[in-house]
$ cat input03.pdb   # PDB, C-alpha atoms
ATOM      1  CA  GLU A  24     115.876  61.989 139.560
ATOM      2  CA  ALA A  25     116.148  64.169 136.488
ATOM      3  CA  ILE A  26     114.145  67.374 136.580
ATOM      4  CA  ALA A  27     111.523  67.385 133.877
ATOM      5  CA  PRO A  28     111.660  70.338 131.503
ATOM      6  CA  PRO A  29     108.846  72.847 131.818
ATOM      7  CA  GLY A  30     105.806  72.047 129.746
ATOM      8  CA  PRO A  31     104.539  74.105 126.809
ATOM      9  CA  ALA A  32     101.834  75.695 128.946
ATOM     10  CA  ARG A  33     104.369  76.941 131.508
ATOM     11  CA  ILE A  34     106.693  78.267 128.795
ATOM     12  CA  SER A  35     103.797  80.037 127.115
ATOM     13  CA  ARG A  36     102.745  81.547 130.434
ATOM     14  CA  ARG A  37     106.248  82.826 131.146
ATOM     15  CA  ILE A  38     106.499  84.364 127.673
ATOM     16  CA  GLY A  39     103.148  86.048 128.229
ATOM     17  CA  GLN A  40     104.314  87.408 131.582
ATOM     18  CA  ALA A  41     107.522  88.763 130.043
ATOM     19  CA  LEU A  42     105.560  90.459 127.255
ATOM     20  CA  ALA A  43     103.154  91.927 129.810
ATOM     21  CA  VAL A  44     106.088  93.409 131.725
ATOM     22  CA  LEU A  45     107.637  94.906 128.575
ATOM     23  CA  VAL A  46     104.363  96.362 127.320
ATOM     24  CA  GLY A  47     103.533  97.574 130.824
ATOM     25  CA  LEU A  48     106.925  99.277 131.106
ATOM     26  CA  PHE A  49     106.432 101.014 127.767
ATOM     27  CA  ILE A  50     102.955 102.233 128.768
ATOM     28  CA  PHE A  51     104.215 103.217 132.232
ATOM     29  CA  ILE A  52     106.907 105.514 130.833
ATOM     30  CA  LEU A  53     104.429 106.898 128.287
ATOM     31  CA  ALA A  54     101.998 107.607 131.124
ATOM     32  CA  LEU A  55     104.660 109.503 133.063
ATOM     33  CA  GLU A  56     105.480 111.593 130.002
ATOM     34  CA  LEU A  57     101.814 112.412 129.394
ATOM     35  CA  LEU A  58     101.242 113.222 133.057
ATOM     36  CA  ASN A  59     104.241 115.516 133.052
ATOM     37  CA  SER A  60     103.017 117.223 129.868
ATOM     38  CA  GLY A  61      99.531 117.758 131.264
ATOM     39  CA  ALA A  62     100.608 118.773 134.754
ATOM     40  CA  GLY A  63     100.019 122.435 133.987
ATOM     41  CA  GLY A  64      96.293 121.813 133.556
ATOM     42  CA  VAL A  65      96.055 120.143 136.957
ATOM     43  CA  GLY A  66      98.042 122.942 138.560
ATOM     44  CA  LEU A  67      95.635 125.509 137.097
ATOM     45  CA  LEU A  68      92.641 123.495 138.322
ATOM     46  CA  LEU A  69      94.065 123.253 141.835
ATOM     47  CA  ARG A  70      94.734 126.991 141.919
ATOM     48  CA  ARG A  71      91.149 127.707 140.857
ATOM     49  CA  LEU A  72      89.907 125.458 143.633
ATOM     50  CA  ALA A  73      92.356 127.047 146.086
ATOM     51  CA  ALA A  74      93.511 123.508 146.860
ATOM     52  CA  HIS A  75      97.062 124.140 147.975
ATOM     53  CA  GLY A  76      99.088 123.166 151.007
ATOM     54  CA  LEU A  77      99.920 119.896 152.694
ATOM     55  CA  VAL A  78      96.427 119.028 153.958
ATOM     56  CA  ASN A  79      94.619 119.798 150.687
ATOM     57  CA  ALA A  80      97.167 117.844 148.677
ATOM     58  CA  MET A  81      96.748 114.925 151.065
ATOM     59  CA  GLY A  82      92.999 115.003 150.469
ATOM     60  CA  PHE A  83      93.560 115.176 146.709
ATOM     61  CA  GLY A  84      95.738 112.066 146.848
ATOM     62  CA  TRP A  85      93.182 110.341 149.074
ATOM     63  CA  LEU A  86      90.384 110.989 146.554
ATOM     64  CA  LEU A  87      92.502 109.923 143.574
ATOM     65  CA  ALA A  88      93.205 106.640 145.357
ATOM     66  CA  TYR A  89      89.433 106.044 145.378
ATOM     67  CA  VAL A  90      89.266 106.743 141.637
ATOM     68  CA  SER A  91      92.134 104.385 140.791
ATOM     69  CA  MET A  92      91.281 101.839 143.514
ATOM     70  CA  SER A  93      94.972 101.818 144.371
ATOM     71  CA  GLY A  94      97.568 104.064 145.955
ATOM     72  CA  SER A  95     100.595 103.307 143.785
ATOM     73  CA  PRO A  96      99.371 105.100 140.614
ATOM     74  CA  VAL A  97      98.555 108.160 142.698
ATOM     75  CA  ALA A  98     102.040 108.239 144.224
ATOM     76  CA  ALA A  99     103.571 108.073 140.736
ATOM     77  CA  THR A 100     101.204 110.827 139.600
ATOM     78  CA  ALA A 101     102.266 113.031 142.505
ATOM     79  CA  LEU A 102     105.895 112.808 141.440
ATOM     80  CA  THR A 103     105.049 113.773 137.851
ATOM     81  CA  LEU A 104     103.063 116.759 139.134
ATOM     82  CA  LEU A 105     106.133 117.782 141.112
ATOM     83  CA  GLY A 106     108.291 117.436 138.010
ATOM     84  CA  GLY A 107     105.790 119.466 135.994
ATOM     85  CA  GLY A 108     105.737 122.268 138.547
ATOM     86  CA  ALA A 109     102.084 121.761 139.525
ATOM     87  CA  LEU A 110     102.898 120.822 143.131
ATOM     88  CA  SER A 111     105.501 121.926 145.624
ATOM     89  CA  PRO A 112     107.648 119.316 147.407
ATOM     90  CA  MET A 113     105.502 119.677 150.532
ATOM     91  CA  GLU A 114     102.279 119.218 148.560
ATOM     92  CA  THR A 115     103.744 116.231 146.741
ATOM     93  CA  PHE A 116     104.627 114.687 150.080
ATOM     94  CA  GLY A 117     101.069 115.233 151.290
ATOM     95  CA  MET A 118      99.572 113.721 148.131
ATOM     96  CA  ILE A 119     101.713 110.600 148.446
ATOM     97  CA  ASN A 120     100.669 110.135 152.060
ATOM     98  CA  GLY A 121      97.038 110.702 151.115
ATOM     99  CA  SER A 122      97.295 107.961 148.509
ATOM    100  CA  ARG A 123      98.357 105.493 151.194
ATOM    101  CA  PHE A 124      95.434 106.398 153.457
ATOM    102  CA  GLY A 125      93.045 106.145 150.526
ATOM    103  CA  ALA A 126      94.388 102.725 149.565
ATOM    104  CA  SER A 127      94.013 101.405 153.106
ATOM    105  CA  PHE A 128      90.441 102.680 153.281
ATOM    106  CA  ILE A 129      89.664 100.839 150.025
ATOM    107  CA  VAL A 130      90.655  97.600 151.769
ATOM    108  CA  LEU A 131      88.287  98.403 154.631
ATOM    109  CA  PHE A 132      85.466  99.451 152.311
ATOM    110  CA  THR A 133      85.841  96.339 150.145
ATOM    111  CA  GLY A 134      85.698  94.093 153.206
ATOM    112  CA  PHE A 135      82.588  95.925 154.412
ATOM    113  CA  ILE A 136      80.888  95.406 151.033
ATOM    114  CA  PHE A 137      81.675  91.693 151.130
ATOM    115  CA  TYR A 138      80.293  91.554 154.668
ATOM    116  CA  LEU A 139      77.025  93.174 153.542
ATOM    117  CA  ARG A 140      76.790  90.659 150.705
ATOM    118  CA  GLY A 141      76.840  87.802 153.193
ATOM    119  CA  VAL A 142      80.502  86.851 153.141
ATOM    120  CA  ARG A 143      81.329  86.170 156.799
ATOM    121  CA  GLY A 144      84.770  84.677 156.366
ATOM    122  CA  LYS A 145      87.551  85.196 158.862
ATOM    123  CA  GLY A 146      89.184  88.591 158.494
ATOM    124  CA  VAL A 147      86.744  90.057 155.947
ATOM    125  CA  VAL A 148      86.355  93.312 157.877
ATOM    126  CA  SER A 149      89.122  92.971 160.455
ATOM    127  CA  MET A 150      91.828  93.026 157.753
ATOM    128  CA  GLY A 151      90.527  96.373 156.550
ATOM    129  CA  ILE A 152      90.511  97.758 160.082
ATOM    130  CA  LEU A 153      94.037  96.444 160.616
ATOM    131  CA  SER A 154      95.119  98.063 157.344
ATOM    132  CA  MET A 155      93.757 101.451 158.404
ATOM    133  CA  LEU A 156      95.272 101.226 161.892
ATOM    134  CA  THR A 157      98.654 100.156 160.525
ATOM    135  CA  THR A 158      98.680 102.983 157.992
ATOM    136  CA  ALA A 159      97.712 105.567 160.608
ATOM    137  CA  THR A 160     100.254 104.252 163.124
ATOM    138  CA  ILE A 161     103.124 104.357 160.633
ATOM    139  CA  TYR A 162     102.309 107.196 158.276
ATOM    140  CA  LEU A 163     101.073 109.890 160.662
ATOM    141  CA  PRO A 164     104.325 110.064 162.698
ATOM    142  CA  ALA A 165     106.382 109.651 159.519
ATOM    143  CA  MET A 166     104.408 112.442 157.830
ATOM    144  CA  LEU A 167     105.081 114.829 160.703
ATOM    145  CA  LEU A 168     108.774 113.990 160.608
ATOM    146  CA  GLY A 169     108.912 114.301 156.821
ATOM    147  CA  ALA A 170     107.111 117.646 156.878
ATOM    148  CA  LEU A 171     109.665 118.899 159.399
ATOM    149  CA  VAL A 172     112.525 117.759 157.159
ATOM    150  CA  LEU A 173     111.014 119.428 154.085
ATOM    151  CA  ARG A 174     110.171 122.652 155.895
ATOM    152  CA  ASN A 175     113.729 123.033 157.179
ATOM    153  CA  GLY A 176     115.297 122.019 153.867
ATOM    154  CA  TRP A 177     117.522 119.336 155.335
ATOM    155  CA  LEU A 178     117.473 117.356 152.075
ATOM    156  CA  THR A 179     117.633 120.298 149.679
ATOM    157  CA  GLY A 180     121.108 119.365 148.516
ATOM    158  CA  VAL A 181     120.202 115.772 147.689
ATOM    159  CA  ARG A 182     119.647 115.318 143.957
ATOM    160  CA  PHE A 183     119.208 112.248 141.777
ATOM    161  CA  GLY A 184     119.565 112.269 138.013
ATOM    162  CA  SER A 185     119.393 109.888 135.075
ATOM    163  CA  PRO A 186     122.142 109.147 132.539
ATOM    164  CA  ARG A 187     122.076 111.537 129.598
ATOM    165  CA  ALA A 188     122.117 108.663 127.100
ATOM    166  CA  LEU A 189     119.011 107.111 128.681
ATOM    167  CA  THR A 190     117.209 110.459 128.652
ATOM    168  CA  SER A 191     118.046 110.941 124.980
ATOM    169  CA  VAL A 192     116.699 107.506 124.069
ATOM    170  CA  LEU A 193     113.463 108.086 125.988
ATOM    171  CA  ASP A 194     113.029 111.503 124.357
ATOM    172  CA  LEU A 195     113.560 109.949 120.940
ATOM    173  CA  ILE A 196     110.857 107.337 121.573
ATOM    174  CA  TYR A 197     108.238 109.267 123.512
ATOM    175  CA  ASP A 198     108.533 112.893 122.384
ATOM    176  CA  PRO A 199     106.739 112.297 119.034
ATOM    177  CA  ILE A 200     103.840 110.611 120.865
ATOM    178  CA  THR A 201     103.433 113.295 123.544
ATOM    179  CA  HIS A 202     103.766 116.119 121.011
ATOM    180  CA  ALA A 203     101.110 114.520 118.806
ATOM    181  CA  VAL A 204      98.708 114.180 121.732
ATOM    182  CA  ARG A 205      99.325 117.731 122.931
ATOM    183  CA  GLY A 206      98.751 118.998 119.404
ATOM    184  CA  TYR A 207      95.099 117.901 119.586
ATOM    185  CA  LEU A 208      94.227 118.137 123.280
ATOM    186  CA  PRO A 209      94.679 120.688 126.096
ATOM    187  CA  ASP A 210      96.644 119.930 129.225
ATOM    188  CA  LEU A 211      93.866 118.513 131.407
ATOM    189  CA  PRO A 212      92.704 115.811 128.939
ATOM    190  CA  VAL A 213      96.353 114.923 128.314
ATOM    191  CA  PHE A 214      96.761 114.419 132.048
ATOM    192  CA  ALA A 215      93.609 112.271 132.170
ATOM    193  CA  ILE A 216      94.908 110.067 129.334
ATOM    194  CA  GLY A 217      98.231 109.728 131.118
ATOM    195  CA  PHE A 218      96.480 108.691 134.321
ATOM    196  CA  GLY A 219      94.475 106.091 132.404
ATOM    197  CA  CYS A 220      97.662 104.739 130.815
ATOM    198  CA  LEU A 221      99.189 104.532 134.278
ATOM    199  CA  LEU A 222      96.295 102.366 135.488
ATOM    200  CA  VAL A 223      96.683 100.101 132.442
ATOM    201  CA  ALA A 224     100.413  99.749 133.114
ATOM    202  CA  PHE A 225      99.864  98.752 136.735
ATOM    203  CA  ARG A 226      97.216  96.280 135.605
ATOM    204  CA  LEU A 227      99.710  94.650 133.243
ATOM    205  CA  PHE A 228     102.331  94.503 135.999
ATOM    206  CA  ASP A 229      99.761  92.885 138.277
ATOM    207  CA  ARG A 230      98.986  90.215 135.672
ATOM    208  CA  ALA A 231     102.678  89.459 135.198
ATOM    209  CA  LEU A 232     103.410  89.014 138.896
ATOM    210  CA  PRO A 233     102.825  85.592 140.501
ATOM    211  CA  HIS A 234      99.645  85.342 142.531
ATOM    212  CA  VAL A 235      99.355  83.778 145.944
ATOM    213  CA  GLY A 236      97.108  80.739 145.760
ATOM    214  CA  SER A 237      94.759  79.471 148.408
ATOM    215  CA  SER A 238      96.381  76.065 148.564
TER     216      SER A 238
END

$ encode --input "input03.pdb" --output "structure tokens"
Amino acid sequence: EAIAPPGPARISRRIGQALAVLVGLFIFILALELLNSGAGGVGLLLRRLAAHGLVNAMGFGWLLAYVSMSGSPVAATALTLLGGGALSPMETFGMINGSRFGASFIVLFTGFIFYLRGVRGKGVVSMGILSMLTTATIYLPAMLLGALVLRNGWLTGVRFGSPRALTSVLDLIYDPITHAVRGYLPDLPVFAIGFGCLLVAFRLFDRALPHVGSS
């Protein structure tokens, strides 16, 4: 049998998903640029709070995961703080790990809220407990190993770069925007705007991805 062409609704949905990805990618790169520009304000804040070191950075990432209700934006933020000189490689590593623990706890907390609201479905709370146990089982040993690698500098010589042409194009597009924002706002609000843009970008990516149905 001949395969029927996709209907107008499906074509429209695919076009919408493609546009969401493109807009999300634009906002994602803009968010990284803003976060990098405002990283100095966060670094100053952390120094005032004496929040330095692996454990404190892990707690910072854990708390930011609560704010964003996700761990992925926090991991991206940690890398921009490293690029902006606000965090050391060890602190960045701790913040990324903290974001994963925070994200797993959100799953547990959400299941607990549903349980209190009367939802007694299979796995409502147990999935959150499983998420926390899985994260702890995997990430704690990996964090100890990673901290050992960073402390001894075994990967110091490993460097990754981007093509110069790509960097020039990105600078041409995003530098006017970041300079305009920094002309009106100090570093910390610039960082906050960048973090908000990052959440919007991940939301657009989430809308563009196919969702698993119950059927």

$ residues_around --input "input03.pdb" --residues "Ile216 (chain A)" --least-positions-apart "2" --cutoff "12 Å" --atoms "only C-alpha atoms" --output "PyMOL selection string"
chain A and resi 50-51+53-62+201+204-205+208-214+218-223

$ axis_aligned_box --input "input03.pdb" --around "region 168-171 of chain A" --padding-each-side "8 Å" --output "JSON"
{"center_x": 108.4, "center_y": 116.4, "center_z": 158.7, "size_x": 18.6, "size_y": 20.9, "size_z": 19.8}

$ residues_around --input "input03.pdb" --residues "region 72-81 of chain A" --least-positions-apart "2" --cutoff "7 Å" --atoms "only C-alpha atoms" --output "PyMOL selection string"
chain A and resi 68-70+83-85+113-114+117-118+120-121

$ closest_residue --input "input03.pdb" --among "A:Leu48, A:Leu105, A:Ile129, A:Val65" --to "Ser91 (chain A)" --atoms "all atoms listed in the file"
A:Ile129

$ residues_around --input "input03.pdb" --residues "Arg123 (chain A)" --least-positions-apart "6" --cutoff "10 Å" --atoms "only C-alpha atoms" --output "PDB file with C-alpha atoms, keeping the file's coordinate frame"
ATOM      1  CA  MET A  81      96.748 114.925 151.065  1.00  0.00           C
ATOM      2  CA  GLY A  84      95.738 112.066 146.848  1.00  0.00           C
ATOM      3  CA  TRP A  85      93.182 110.341 149.074  1.00  0.00           C
ATOM      4  CA  ALA A  88      93.205 106.640 145.357  1.00  0.00           C
ATOM      5  CA  SER A  93      94.972 101.818 144.371  1.00  0.00           C
ATOM      6  CA  GLY A  94      97.568 104.064 145.955  1.00  0.00           C
ATOM      7  CA  SER A  95     100.595 103.307 143.785  1.00  0.00           C
ATOM      8  CA  VAL A  97      98.555 108.160 142.698  1.00  0.00           C
ATOM      9  CA  ALA A  98     102.040 108.239 144.224  1.00  0.00           C
ATOM     10  CA  ILE A 129      89.664 100.839 150.025  1.00  0.00           C
ATOM     11  CA  MET A 155      93.757 101.451 158.404  1.00  0.00           C
ATOM     12  CA  THR A 158      98.680 102.983 157.992  1.00  0.00           C
ATOM     13  CA  ALA A 159      97.712 105.567 160.608  1.00  0.00           C
ATOM     14  CA  TYR A 162     102.309 107.196 158.276  1.00  0.00           C
TER      15      TYR A 162
END

$ atom_distance --input "input03.pdb" --atom1 "CA of Val148 (chain A)" --atom2 "CA of Gly82 (chain A)"
23.9 Å

$ atom_distance --input "input03.pdb" --atom1 "CA of Gly180 (chain A)" --atom2 "CA of Pro112 (chain A)"
13.5 Å

$ resolve_selection --input "input03.pdb" --expression "the PyMOL selection byres ((chain A and resi 154) around 12)" --output "PyMOL selection string"
chain A and resi 123-134+146-153+155-162

$ atom_distance --input "input03.pdb" --atom1 "CA of Ile200 (chain A)" --atom2 "CA of Ala215 (chain A)"
15.3 Å

$ closest_residue --input "input03.pdb" --among "A:Leu195, A:Thr103, A:Pro164, A:Ile119" --to "Leu87 (chain A)" --atoms "only C-alpha atoms"
A:Ile119
